[in-house]
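Participant: What follows is the file work.txt, containing compact mmCIF, C-alpha atoms:
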```
# COMPACT_ATOMS: atom_id res chain seq x y z
CA MET A 136 257.39 105.79 76.67
CA THR A 137 260.50 106.73 74.68
CA ALA A 138 260.35 105.25 71.21
CA ARG A 139 262.99 102.67 70.39
CA THR A 140 264.11 102.17 66.84
CA ILE A 141 266.20 99.79 64.77
CA THR A 142 268.44 101.66 62.32
CA VAL A 143 271.15 100.81 59.83
CA ALA A 144 273.69 101.23 62.63
CA ASP A 145 272.00 98.42 64.61
CA VAL A 146 272.26 95.80 61.85
CA PRO A 147 275.74 94.44 62.81
CA ALA A 148 274.54 93.84 66.38
CA LEU A 149 271.30 92.33 65.14
CA LEU A 150 273.25 89.97 62.89
CA ALA A 151 275.71 88.94 65.64
CA GLY A 152 272.88 88.35 68.12
CA ALA A 153 270.95 86.40 65.51
CA GLU A 154 273.94 84.08 65.10
CA PHE A 155 274.16 83.57 68.88
CA PHE A 156 270.51 82.50 69.22
CA SER A 157 270.67 80.27 66.14
CA THR A 158 271.98 77.37 68.30
CA SER A 159 275.18 77.44 66.25
CA ALA A 160 274.32 74.95 63.52
CA ALA A 161 271.45 76.99 62.07
CA GLY A 162 273.29 80.30 61.79
CA GLU A 163 275.62 79.36 58.97
CA GLY A 164 275.93 81.75 56.05
CA ILE A 165 273.48 84.48 57.05
CA GLU A 166 275.88 87.40 56.56
CA PHE A 167 274.24 88.27 53.22
CA ALA A 168 271.05 89.17 55.09
CA GLY A 169 272.84 91.95 56.98
CA VAL A 170 273.80 93.76 53.77
CA TRP A 171 270.31 93.25 52.38
CA LEU A 172 268.66 94.66 55.53
CA GLU A 173 271.01 97.66 55.63
CA ASP A 174 269.96 98.54 52.08
CA ILE A 175 266.28 98.36 53.01
CA LEU A 176 266.66 100.49 56.15
CA ALA A 177 268.73 103.04 54.25
CA HIS A 178 265.73 103.56 51.95
CA THR A 179 262.85 103.29 54.43
CA GLY A 180 264.35 104.76 57.57
CA PRO A 181 264.25 103.28 61.09
CA VAL A 182 261.80 100.64 62.33
CA GLU A 183 259.94 101.34 65.55
CA LEU A 184 260.36 98.58 68.14
CA VAL A 185 257.45 98.38 70.58
CA ALA A 186 256.32 96.17 73.43
CA ALA A 187 253.04 94.37 72.84
CA ASP A 188 251.35 96.25 75.69
CA GLU A 189 252.17 99.59 74.03
CA LEU A 190 249.72 98.80 71.20
CA ASP A 191 245.94 98.67 71.17
CA PRO A 192 245.00 95.06 72.06
CA ASP A 193 242.73 94.93 68.99
CA THR A 194 245.57 95.70 66.58
CA PRO A 195 245.85 92.99 63.88
CA CYS A 196 249.34 91.46 63.75
CA ALA A 197 251.10 88.45 62.25
CA ALA A 198 254.43 86.65 62.57
CA ILE A 199 256.89 86.94 59.70
CA GLY A 200 259.60 84.36 59.07
CA ALA A 201 261.34 82.38 56.37
CA MET A 202 261.48 78.63 55.94
CA GLY A 203 263.91 76.66 53.83
CA SER A 204 267.59 76.97 53.02
CA THR A 205 269.67 80.05 53.84
CA VAL A 206 272.12 78.93 51.16
CA ALA A 207 269.32 79.06 48.60
CA MET A 208 268.25 82.44 49.97
CA ALA A 209 271.77 83.82 49.53
CA GLU A 210 271.82 82.60 45.93
CA LEU A 211 268.27 83.77 45.21
CA PRO A 212 267.80 86.70 47.61
CA PRO A 213 264.53 88.41 48.47
CA SER A 214 263.59 91.45 46.40
CA GLY A 215 262.28 93.20 49.51
CA ASP A 216 258.63 93.54 48.55
CA GLU A 217 257.57 90.00 49.52
CA PRO A 218 256.04 91.28 52.81
CA VAL A 219 253.59 93.40 50.79
CA VAL A 220 252.19 90.21 49.22
CA LEU A 221 251.90 88.54 52.64
CA ALA A 222 250.21 91.55 54.23
CA ARG A 223 247.70 91.80 51.40
CA SER A 224 246.82 88.09 51.68
CA LEU A 225 246.36 88.19 55.46
CA ALA A 226 244.43 91.48 55.41
CA GLY A 227 241.87 89.83 53.17
CA ARG A 228 241.20 87.24 55.87
CA PHE A 229 241.41 89.71 58.77
CA GLY A 230 239.05 92.14 57.11
CA ALA A 231 241.52 94.84 58.14
CA PRO A 232 245.13 95.73 57.30
CA LEU A 233 247.94 94.57 59.56
CA GLY A 234 248.85 97.08 62.25
CA ALA A 235 252.10 95.45 63.41
CA VAL A 236 254.41 92.53 62.68
CA MET A 237 256.31 90.21 65.02
CA PRO A 238 259.08 87.66 64.55
CA LEU A 239 258.38 83.97 64.18
CA ASN A 240 261.72 83.51 65.93
CA ALA A 241 264.26 86.22 66.72
CA ALA A 242 267.25 84.11 65.70
CA SER A 243 269.31 83.27 62.62
CA VAL A 244 267.99 84.90 59.44
CA ASN A 245 264.52 85.19 60.97
CA ALA A 246 265.74 87.89 63.33
CA LEU A 247 266.24 90.07 60.25
CA HIS A 248 263.21 89.24 58.09
CA PRO A 249 260.57 90.78 60.39
CA VAL A 250 262.64 93.97 60.67
CA ALA A 251 262.71 94.17 56.89
CA ALA A 252 258.97 93.46 56.73
CA ALA A 253 258.19 96.18 59.27
CA ALA A 254 260.37 98.62 57.32
CA VAL A 255 258.78 97.86 53.95
CA LEU A 256 255.24 97.94 55.35
CA GLY A 257 255.81 101.01 57.51
CA LEU A 258 254.61 99.17 60.62
CA PRO A 259 255.97 98.79 64.16
CA LEU A 260 257.85 95.63 65.09
CA ILE A 261 256.65 93.96 68.29
CA ASP A 262 259.50 93.10 70.69
CA CYS A 263 258.73 89.41 71.07
CA ASP A 264 258.94 86.10 69.27
CA GLY A 265 257.50 82.60 69.40
CA MET A 266 260.60 80.45 69.92
CA GLY A 267 263.40 82.32 71.70
CA ARG A 268 265.79 80.27 69.55
CA VAL A 269 265.63 78.29 66.30
CA PHE A 270 263.33 75.30 65.92
CA PRO A 271 263.16 73.48 62.59
CA LEU A 272 259.36 73.51 62.23
CA ILE A 273 257.17 76.60 62.03
CA HIS A 274 254.61 75.17 64.44
CA GLN A 275 257.18 74.60 67.22
CA THR A 276 256.24 77.91 68.86
CA THR A 277 254.83 79.38 72.04
CA TYR A 278 252.09 80.82 69.83
CA GLU A 279 251.03 77.24 69.10
CA LEU A 280 251.26 76.31 72.79
CA ALA A 281 248.90 79.20 73.62
CA GLY A 282 246.34 78.08 71.07
CA VAL A 283 246.94 80.78 68.45
CA SER A 284 246.25 79.22 65.06
CA LEU A 285 249.14 79.10 62.60
CA SER A 286 246.75 79.40 59.67
CA PRO A 287 245.77 81.04 57.52
CA LEU A 288 249.40 80.77 56.42
CA ALA A 289 250.46 83.12 53.64
CA VAL A 290 253.61 82.23 51.71
CA VAL A 291 255.53 83.89 48.89
CA SER A 292 258.63 82.76 47.02
CA ALA A 293 261.51 84.74 45.52
CA GLY A 294 259.71 84.31 42.19
CA HIS A 295 256.56 85.81 43.76
CA ASP A 296 254.62 82.56 43.67
CA SER A 297 252.09 83.02 46.46
CA LEU A 298 249.66 80.82 48.33
CA LEU A 299 247.26 81.13 51.25
CA LEU A 300 246.85 77.91 53.23
CA ASP A 301 244.02 77.29 55.64
CA THR A 302 244.70 73.95 57.31
CA GLY A 303 246.16 72.39 60.45
CA SER A 304 249.63 73.35 61.66
CA ALA A 305 251.44 70.11 60.82
CA ARG A 306 249.74 69.88 57.42
CA ALA A 307 250.60 73.52 56.65
CA GLU A 308 254.24 72.78 57.48
CA GLN A 309 254.33 69.79 55.10
CA ILE A 310 252.70 71.62 52.20
CA ALA A 311 254.76 74.79 52.61
CA ARG A 312 258.05 72.86 52.87
CA SER A 313 257.25 70.99 49.66
CA MET A 314 256.47 74.29 47.98
CA ALA A 315 259.75 75.78 49.24
CA GLN A 316 261.73 73.00 47.59
CA ALA A 317 259.91 73.49 44.31
CA ALA A 318 260.08 77.30 44.38
CA GLY A 319 263.81 77.80 44.75
CA GLY A 320 264.60 76.51 48.23
CA TRP A 321 262.92 79.03 50.52
CA LEU A 322 259.69 80.89 51.26
CA LEU A 323 258.78 83.96 53.26
CA CYS A 324 255.78 83.25 55.46
CA GLY A 325 253.14 85.31 57.24
CA MET A 326 251.44 83.27 59.96
CA TYR A 327 249.76 83.24 63.36
CA PRO A 328 247.45 86.15 62.49
CA ALA A 329 245.98 87.43 65.74
CA ARG A 330 245.07 90.50 67.71
CA VAL A 331 247.91 91.96 69.75
CA GLY A 332 246.07 91.21 72.99
CA ARG A 333 246.57 87.47 72.38
CA LEU A 334 250.32 87.94 72.63
CA ARG A 335 250.25 88.65 76.35
CA GLU A 336 250.26 84.91 77.07
CA ALA A 337 251.40 83.58 73.70
CA ALA A 338 254.72 85.35 73.05
CA ILE A 339 258.20 85.44 74.53
CA HIS A 340 258.56 89.12 75.30
CA GLY A 341 261.72 91.21 74.86
CA SER A 342 263.26 88.79 72.36
CA VAL A 343 264.40 91.38 69.82
CA SER A 344 265.93 93.57 72.52
CA ARG A 345 267.79 90.55 73.88
CA VAL A 346 269.20 89.75 70.44
CA LEU A 347 270.45 93.32 70.09
CA GLU A 348 271.97 93.33 73.59
CA VAL A 349 273.89 90.09 73.03
CA GLY A 350 274.90 91.23 69.54
CA ARG A 351 276.39 94.44 70.91
CA VAL A 352 278.47 92.43 73.38
CA LEU A 353 279.80 90.26 70.56
CA CYS A 354 280.46 93.22 68.25
CA GLU A 355 282.30 95.11 70.98
CA HIS A 356 284.69 92.21 71.56
CA ALA A 357 285.14 91.61 67.83
CA SER A 358 286.16 95.25 67.32
CA ARG A 359 288.70 95.37 70.15
CA ASP A 360 292.40 95.47 69.27
CA ASP A 361 294.01 92.03 69.71
CA ARG A 362 296.69 93.72 71.81
CA SER A 363 294.12 94.75 74.43
CA GLY A 364 294.60 91.50 76.34
CA HIS A 365 295.87 87.95 76.24
CA GLY A 366 293.73 85.64 74.07
CA THR A 367 292.65 83.49 77.01
CA ALA A 368 291.69 86.52 79.07
CA ARG A 369 289.71 87.99 76.17
CA HIS A 370 287.62 84.88 75.61
CA GLU A 371 287.01 84.46 79.35
CA ARG A 372 285.85 88.08 79.59
CA LEU A 373 283.48 87.56 76.67
CA LEU A 374 282.10 84.41 78.28
CA ARG A 375 281.38 86.31 81.50
CA GLU A 376 279.52 89.04 79.62
CA LEU A 377 277.51 86.55 77.56
CA THR A 378 276.49 84.52 80.59
CA ALA A 379 275.49 87.72 82.41
CA ALA A 380 273.37 88.88 79.45
CA THR A 381 271.64 85.55 78.79
CA GLY A 382 271.72 83.53 82.02
CA ALA A 383 273.76 80.91 80.19
CA ALA A 384 275.81 78.19 81.86
CA VAL A 385 279.18 77.14 80.44
CA LEU A 386 279.10 73.35 80.06
CA GLY A 387 282.82 73.19 79.29
CA GLY A 388 285.42 74.17 76.78
CA GLY A 389 288.40 72.78 74.98
CA ARG A 390 289.54 71.04 71.84
CA VAL A 391 287.22 69.50 69.24
CA VAL A 392 288.45 65.90 69.04
CA GLU A 393 285.80 64.39 66.78
CA ILE A 394 283.30 65.68 64.23
CA GLY A 395 281.29 63.94 61.55
CA PRO A 396 277.90 62.52 60.54
CA SER A 397 275.70 61.51 63.47
CA VAL A 398 274.91 57.86 63.98
CA ARG A 399 271.33 58.90 64.74
CA GLN A 400 269.08 60.08 61.93
CA ALA A 401 266.40 62.71 62.39
CA GLY A 402 262.81 62.01 61.41
CA THR A 403 261.94 62.69 57.79
CA VAL A 404 259.93 65.76 58.75
CA TYR A 405 263.04 67.51 60.09
CA PRO A 406 265.36 69.33 57.68
CA GLY A 407 269.14 69.20 57.91
CA ASN A 408 271.87 66.57 58.07
CA PRO A 409 272.51 65.07 61.52
CA VAL A 410 276.02 65.83 62.79
CA GLY A 411 277.84 64.71 65.93
CA MET A 412 280.92 66.24 67.54
CA VAL A 413 282.98 65.73 70.68
CA VAL A 414 284.74 68.43 72.74
CA HIS A 415 287.44 67.49 75.26
CA ASP A 416 286.98 69.75 78.29
CA HIS A 417 290.40 71.03 79.34
CA ASP A 418 289.63 71.56 83.02
CA SER A 419 287.82 68.33 83.92
CA GLY A 420 288.94 65.94 81.20
CA ARG A 421 285.28 65.16 80.41
CA LEU A 422 284.13 64.44 76.87
CA ILE A 423 281.16 66.57 75.81
CA ARG A 424 279.27 65.05 72.88
CA LEU A 425 276.97 67.32 70.89
CA GLU A 426 274.25 66.25 68.47
CA ALA A 427 272.99 68.59 65.76
CA HIS A 428 269.94 68.08 63.56
CA ASN A 429 270.26 71.38 61.70
CA GLU A 430 270.32 72.93 65.20
CA LEU A 431 272.30 71.71 68.21
CA VAL A 432 269.78 69.63 70.11
CA LEU A 433 271.59 67.95 73.01
CA ALA A 434 274.86 67.63 74.93
CA LEU A 435 276.12 64.60 76.84
CA SER A 436 278.93 64.85 79.38
CA ASP A 437 280.80 61.54 79.66
CA GLY A 438 277.61 59.86 78.41
CA ALA A 439 275.19 61.59 80.82
CA LEU A 440 272.64 64.05 79.44
CA ALA A 441 273.81 67.55 80.42
CA ALA A 442 271.54 69.79 78.32
CA ALA A 443 268.94 69.46 75.60
CA VAL A 444 266.32 71.26 73.57
CA PRO A 445 264.33 73.40 74.14
CA ASP A 446 267.32 75.01 75.93
CA LEU A 447 269.81 76.62 73.55
CA LEU A 448 273.23 75.12 72.93
CA CYS A 449 275.81 77.53 71.52
CA LEU A 450 279.46 77.25 70.51
CA LEU A 451 281.97 80.07 70.89
CA ASP A 452 285.15 79.88 68.81
CA ARG A 453 288.00 80.86 71.13
CA SER A 454 290.25 82.02 68.29
CA THR A 455 287.80 84.36 66.56
CA LEU A 456 285.49 85.19 69.49
CA ARG A 457 282.54 84.50 67.19
CA MET A 458 279.71 82.03 67.44
CA THR A 459 280.39 78.98 65.33
CA GLY A 460 278.92 75.61 64.35
CA PRO A 461 279.85 72.15 63.12
CA GLU A 462 280.10 73.22 59.48
CA ARG A 463 282.79 75.78 60.35
CA LEU A 464 284.78 73.55 62.72
CA THR A 465 287.47 70.93 62.28
CA ALA A 466 289.21 68.63 64.75
CA GLY A 467 291.68 70.64 66.80
CA ASP A 468 289.64 73.84 67.02
CA GLN A 469 289.06 75.31 70.47
CA VAL A 470 285.48 76.09 71.52
CA ASP A 471 283.36 76.80 74.58
CA VAL A 472 279.95 75.14 74.96
CA LEU A 473 277.18 77.29 76.41
CA CYS A 474 273.63 76.39 77.40
CA VAL A 475 271.04 79.19 77.55
CA PRO A 476 267.82 78.32 79.40
CA ALA A 477 264.69 78.46 77.27
CA ALA A 478 261.66 80.53 78.24
CA PRO A 479 259.85 78.84 81.15
CA VAL A 480 256.85 77.84 79.02
CA TRP A 481 259.12 75.49 77.06
CA HIS A 482 259.76 73.49 80.24
CA SER A 483 256.05 72.77 80.71
CA VAL A 484 254.73 69.30 79.83
CA ALA A 485 253.24 70.65 76.59
CA GLY A 486 256.39 72.64 75.79
CA LEU A 487 258.68 69.64 76.18
CA ALA A 488 256.32 67.50 74.11
CA LEU A 489 256.51 70.04 71.26
CA GLY A 490 260.16 71.04 71.51
CA GLY A 491 261.98 68.66 73.85
CA PRO A 492 264.33 65.73 73.08
CA GLY A 493 261.44 63.39 72.31
CA ALA A 494 260.20 65.70 69.54
CA PHE A 495 263.56 65.15 67.81
CA GLY A 496 263.46 61.38 68.15
CA PHE A 497 265.63 61.08 71.27
CA PRO A 498 263.90 58.92 73.94
CA LEU A 499 265.47 60.92 76.78
CA ARG A 500 264.07 62.78 79.75
CA HIS A 501 264.99 66.44 79.71
CA PRO A 502 267.14 67.42 82.74
CA ARG A 503 264.30 69.72 83.90
CA GLU A 504 261.99 66.68 84.16
CA GLU A 505 264.09 64.88 86.76
CA GLY A 506 262.31 66.56 89.66
CA ARG A 507 258.82 65.66 88.44
```
Output the file's structure in the form of structure tokens.

Facilitator:
Amino acid sequence: MTARTITVADVPALLAGAEFFSTSAAGEGIEFAGVWLEDILAHTGPVELVAADELDPDTPCAAIGAMGSTVAMAELPPSGDEPVVLARSLAGRFGAPLGAVMPLNAASVNALHPVAAAAVLGLPLIDCDGMGRVFPLIHQTTYELAGVSLSPLAVVSAGHDSLLLDTGSARAEQIARSMAQAAGGWLLCGMYPARVGRLREAAIHGSVSRVLEVGRVLCEHASRDDRSGHGTARHERLLRELTAATGAAVLGGGRVVEIGPSVRQAGTVYPGNPVGMVVHDHDSGRLIRLEAHNELVLALSDGALAAAVPDLLCLLDRSTLRMTGPERLTAGDQVDVLCVPAAPVWHSVAGLALGGPGAFGFPLRHPREEGR
């Protein structure tokens, strides 16, 4: 099979795709990570991107991802050698060095961290992930659904504080999040250590390639001369290409008529400030209400549930042709609301229990449950 690589030239597409799959609210302020990753790849050279079935099934691997605040990460950026600490900690438990790394989730800043880790460690990056989007908790993964243990969980801070946790998934989340707050606002984590063969049923395959494909679509439109077409035609063309690449449905589009704190508070275990916003759909006159708890979690059309986690909700800014979120929007802005279907495993009973509306405190049946 022809080797595929991720190079410095791919970073803009990786960053744009990472913003798309961040469910809008979680992708704020990650531009710094693109510059940081370009510097790493310029020194290490390309990263090999491989499918799980291209590797020996006995190859030790682990998921790499950050938890905490991207704002804190921008202010206190990684030095680049944090993955070495994680790999050393996990190798001690494996009894063998890591042979590959994989993303925790190929979205937001965590689409870039595993690429950096693979580059620094000189290892291949497996073309998969465990979320297909952003979830707020590190145990909301398809790895967890398949019975792959999150622990031992290795963590390292920007100050190189390190810890190896061997406990249950929910407990590991609580301890690590407390440590992140005390250690500067973020941690890099190595977790779900397993043999590559376990990924056949546990991972969402092709995730990194999908991020790059969508990112290239977005970058191509961003680089086009504004005179190449009328604004409306340009955004409609981009919508068609995005829906073709992702299988997304357009829930509606129009003017933001309301935005502000949500009347519904997330559970204490979930990070982020709840935000609500309303979009007036130009074509139908419907009001689309969106709820965000760090990530966009559900959409109601004239009060009826139209879409919800684990499916991805994304916002496209019609004026800039970039993905956007509540923190970058004000009343009067024009946006399109897209819903990208989650990987099928997320629509299982166990998947919806872990990542559906109920997991976020909304006592609602997911639209996919209506036929059951």

Participant: Give the answer as one residue: which of A:Met326, A:Leu280, A:Leu239, A:Cys474 has the shortest atom-to-atom distance to Ala226 in chain A, using all atoms listed in the file?

Facilitator: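 Going through A:Met326, A:Leu280, A:Leu239, A:Cys474 one by one, the smallest distance to Ala226 in chain A is for A:Met326.
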
Participant: Every residue with an atom at most 6 Å from (280.3, 80.6, 74.9) (file coordinates; all atoms listed in the file) is what I'm after, so could you write them as a PyMOL selection string?

Facilitator: chain A and resi 374+450-451+471-473

Participant: Considering all atoms listed in the file, return as a ChimeraX atom specification whatever protein or nucleic-acid residues lie within 8 Å of Val480 in chain A, sequence-local ones (same chain, fewer than 3 positions apart) excluded.

Facilitator: /A:277,483,486

Participant: Let me make sure I understand: among A:Leu247, A:Met266, A:Leu272, A:Ala187, which one has the smallest atom-to-atom distance to Gly203 in chain A if we use all atoms listed in the file?

Facilitator: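 Of A:Leu247, A:Met266, A:Leu272, A:Ala187, the one nearest Gly203 in chain A, counting all atoms listed in the file, is A:Leu272.
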
Participant: Find the residues around range 465-467 of chain A up to 9 Å (all atoms listed in the file counted), leave out those fewer than 2 positions away in its own chain, and share them as a ChimeraX atom specification.

Facilitator: /A:390-394,461-463,469

Participant: Export, as a PDB file, in the frame of the given file, the selected residues with C-alpha atoms.

Facilitator:
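Written file, selection13.pdb:
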```
ATOM      1  CA  ARG A 390     289.540  71.040  71.840  1.00  0.00           C
ATOM      2  CA  VAL A 391     287.220  69.500  69.240  1.00  0.00           C
ATOM      3  CA  VAL A 392     288.450  65.900  69.040  1.00  0.00           C
ATOM      4  CA  GLU A 393     285.800  64.390  66.780  1.00  0.00           C
ATOM      5  CA  ILE A 394     283.300  65.680  64.230  1.00  0.00           C
ATOM      6  CA  PRO A 461     279.850  72.150  63.120  1.00  0.00           C
ATOM      7  CA  GLU A 462     280.100  73.220  59.480  1.00  0.00           C
ATOM      8  CA  ARG A 463     282.790  75.780  60.350  1.00  0.00           C
ATOM      9  CA  GLN A 469     289.060  75.310  70.470  1.00  0.00           C
TER      10      GLN A 469
END
```

Participant: Using CA of Val385 in chain A and CA of Leu149 in chain A as the two end points, give the distance in Å to one decimal.

Facilitator: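 So the two atoms, CA of Val385 in chain A and CA of Leu149 in chain A, lie 23.0 Å apart.
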
Participant: Using CA of Ala281 in chain A and CA of Arg306 in chain A as the two end points, give the distance in Å to one decimal.

Facilitator: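 Computed distance, CA of Ala281 in chain A to CA of Arg306 in chain A, equals 18.7 Å.
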
Participant: Measuring atom to atom with only C-alpha atoms, identify which of A:Asp437, A:Glu430, A:Ser454, A:Thr179 is nearest to Asp416 in chain A.

Facilitator: A:Asp437

Participant: Using only C-alpha atoms, pick whichever of A:Ser224, A:Asn429, A:Thr158, A:Thr378 has the shortest atom-to-atom distance to Pro328 in chain A.

Facilitator: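 So, comparing all the options, the nearest one is A:Ser224.
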
Participant: Find the residues around range 491-496 of chain A up to 12 Å (only C-alpha atoms counted), leave out those fewer than 5 positions away in its own chain, and share them as an NGL selection string.

Facilitator: :A and (270-272 or 275-276 or 399-406 or 409 or 426-434 or 440 or 442-447 or 477 or 480-486 or 501-504)

Participant: Please measure the separation of CA of Ile175 in chain A and CA of Asp145 in chain A, giving the value in Å to one decimal.

Facilitator: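 According to the coordinates, CA of Ile175 in chain A and CA of Asp145 in chain A are separated by 12.9 Å.
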
Participant: For Ala153 in chain A, which residue out of A:Asp216, A:Glu348, A:Asp191, A:Glu336 is the nearest one, using only C-alpha atoms?

Facilitator: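 Closest residue, counting only C-alpha atoms: A:Glu348.
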
Participant: Dump as a list in words all residues having an atom at most 10 Å from (257.6, 76.3, 46.4), computed in the file's coordinates with only C-alpha atoms.

Facilitator: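 Residues close enough to count: Gly203, Val290, Val291, Ser292, Ala293, Gly294, His295, Asp296, Ser297, Leu298, Ile310, Ala311, Arg312, Ser313, Met314, Ala315, Gln316, Ala317, Ala318, Gly319, Gly320, Trp321 and Leu322 of chain A.
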
Participant: From the list A:Gly341, A:Pro181, A:Gly389, A:Pro192, which residue is nearest Asp452 in chain A when using only C-alpha atoms?

Facilitator: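 Using only C-alpha atoms, Asp452 in chain A sits closest to A:Gly389.
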
Participant: Neighbouring residues of range 352-354 of chain A were defined as those with any atom within 12 Å, considering all atoms listed in the file; residues of the same chain fewer than 4 positions away were excluded. Please report them as number ranges by chain.

Facilitator: A: 144-155, 345-348, 358-359, 369-370, 372-381, 451-452, 455-458

Participant: Residues of the last selection are to be written out with C-alpha atoms, as a PDB file, in the coordinates of the input.

Facilitator:
```
ATOM      1  CA  ALA A 144     273.690 101.230  62.630  1.00  0.00           C
ATOM      2  CA  ASP A 145     272.000  98.420  64.610  1.00  0.00           C
ATOM      3  CA  VAL A 146     272.260  95.800  61.850  1.00  0.00           C
ATOM      4  CA  PRO A 147     275.740  94.440  62.810  1.00  0.00           C
ATOM      5  CA  ALA A 148     274.540  93.840  66.380  1.00  0.00           C
ATOM      6  CA  LEU A 149     271.300  92.330  65.140  1.00  0.00           C
ATOM      7  CA  LEU A 150     273.250  89.970  62.890  1.00  0.00           C
ATOM      8  CA  ALA A 151     275.710  88.940  65.640  1.00  0.00           C
ATOM      9  CA  GLY A 152     272.880  88.350  68.120  1.00  0.00           C
ATOM     10  CA  ALA A 153     270.950  86.400  65.510  1.00  0.00           C
ATOM     11  CA  GLU A 154     273.940  84.080  65.100  1.00  0.00           C
ATOM     12  CA  PHE A 155     274.160  83.570  68.880  1.00  0.00           C
ATOM     13  CA  ARG A 345     267.790  90.550  73.880  1.00  0.00           C
ATOM     14  CA  VAL A 346     269.200  89.750  70.440  1.00  0.00           C
ATOM     15  CA  LEU A 347     270.450  93.320  70.090  1.00  0.00           C
ATOM     16  CA  GLU A 348     271.970  93.330  73.590  1.00  0.00           C
ATOM     17  CA  SER A 358     286.160  95.250  67.320  1.00  0.00           C
ATOM     18  CA  ARG A 359     288.700  95.370  70.150  1.00  0.00           C
ATOM     19  CA  ARG A 369     289.710  87.990  76.170  1.00  0.00           C
ATOM     20  CA  HIS A 370     287.620  84.880  75.610  1.00  0.00           C
ATOM     21  CA  ARG A 372     285.850  88.080  79.590  1.00  0.00           C
ATOM     22  CA  LEU A 373     283.480  87.560  76.670  1.00  0.00           C
ATOM     23  CA  LEU A 374     282.100  84.410  78.280  1.00  0.00           C
ATOM     24  CA  ARG A 375     281.380  86.310  81.500  1.00  0.00           C
ATOM     25  CA  GLU A 376     279.520  89.040  79.620  1.00  0.00           C
ATOM     26  CA  LEU A 377     277.510  86.550  77.560  1.00  0.00           C
ATOM     27  CA  THR A 378     276.490  84.520  80.590  1.00  0.00           C
ATOM     28  CA  ALA A 379     275.490  87.720  82.410  1.00  0.00           C
ATOM     29  CA  ALA A 380     273.370  88.880  79.450  1.00  0.00           C
ATOM     30  CA  THR A 381     271.640  85.550  78.790  1.00  0.00           C
ATOM     31  CA  LEU A 451     281.970  80.070  70.890  1.00  0.00           C
ATOM     32  CA  ASP A 452     285.150  79.880  68.810  1.00  0.00           C
ATOM     33  CA  THR A 455     287.800  84.360  66.560  1.00  0.00           C
ATOM     34  CA  LEU A 456     285.490  85.190  69.490  1.00  0.00           C
ATOM     35  CA  ARG A 457     282.540  84.500  67.190  1.00  0.00           C
ATOM     36  CA  MET A 458     279.710  82.030  67.440  1.00  0.00           C
TER      37      MET A 458
END
```

Participant: Applying 12 Å and all atoms listed in the file, which residues near Thr302 in chain A remain after dropping the ones on its own chain fewer than 3 positions away? List them as a ChimeraX atom specification.

Facilitator: /A:284-289,299,305-311,326

Participant: Please report, as JSON lines, each residue of range 229-269 of chain A lying at most 12 Å from range 205-209 of chain A, together with the nearest pair of atoms and the separation in Å rounded to one decimal; use all atoms listed in the file, and order rows by chain and ascending residue number.

Facilitator:
```
{"residue": "A:Ser243", "atom": "CA", "partner": "A:Thr205", "partner_atom": "CA", "distance": 9.4}
{"residue": "A:Val244", "atom": "CA", "partner": "A:Thr205", "partner_atom": "CA", "distance": 7.6}
{"residue": "A:Asn245", "atom": "CA", "partner": "A:Thr205", "partner_atom": "CA", "distance": 10.2}
{"residue": "A:His248", "atom": "CA", "partner": "A:Met208", "partner_atom": "CA", "distance": 11.7}
```
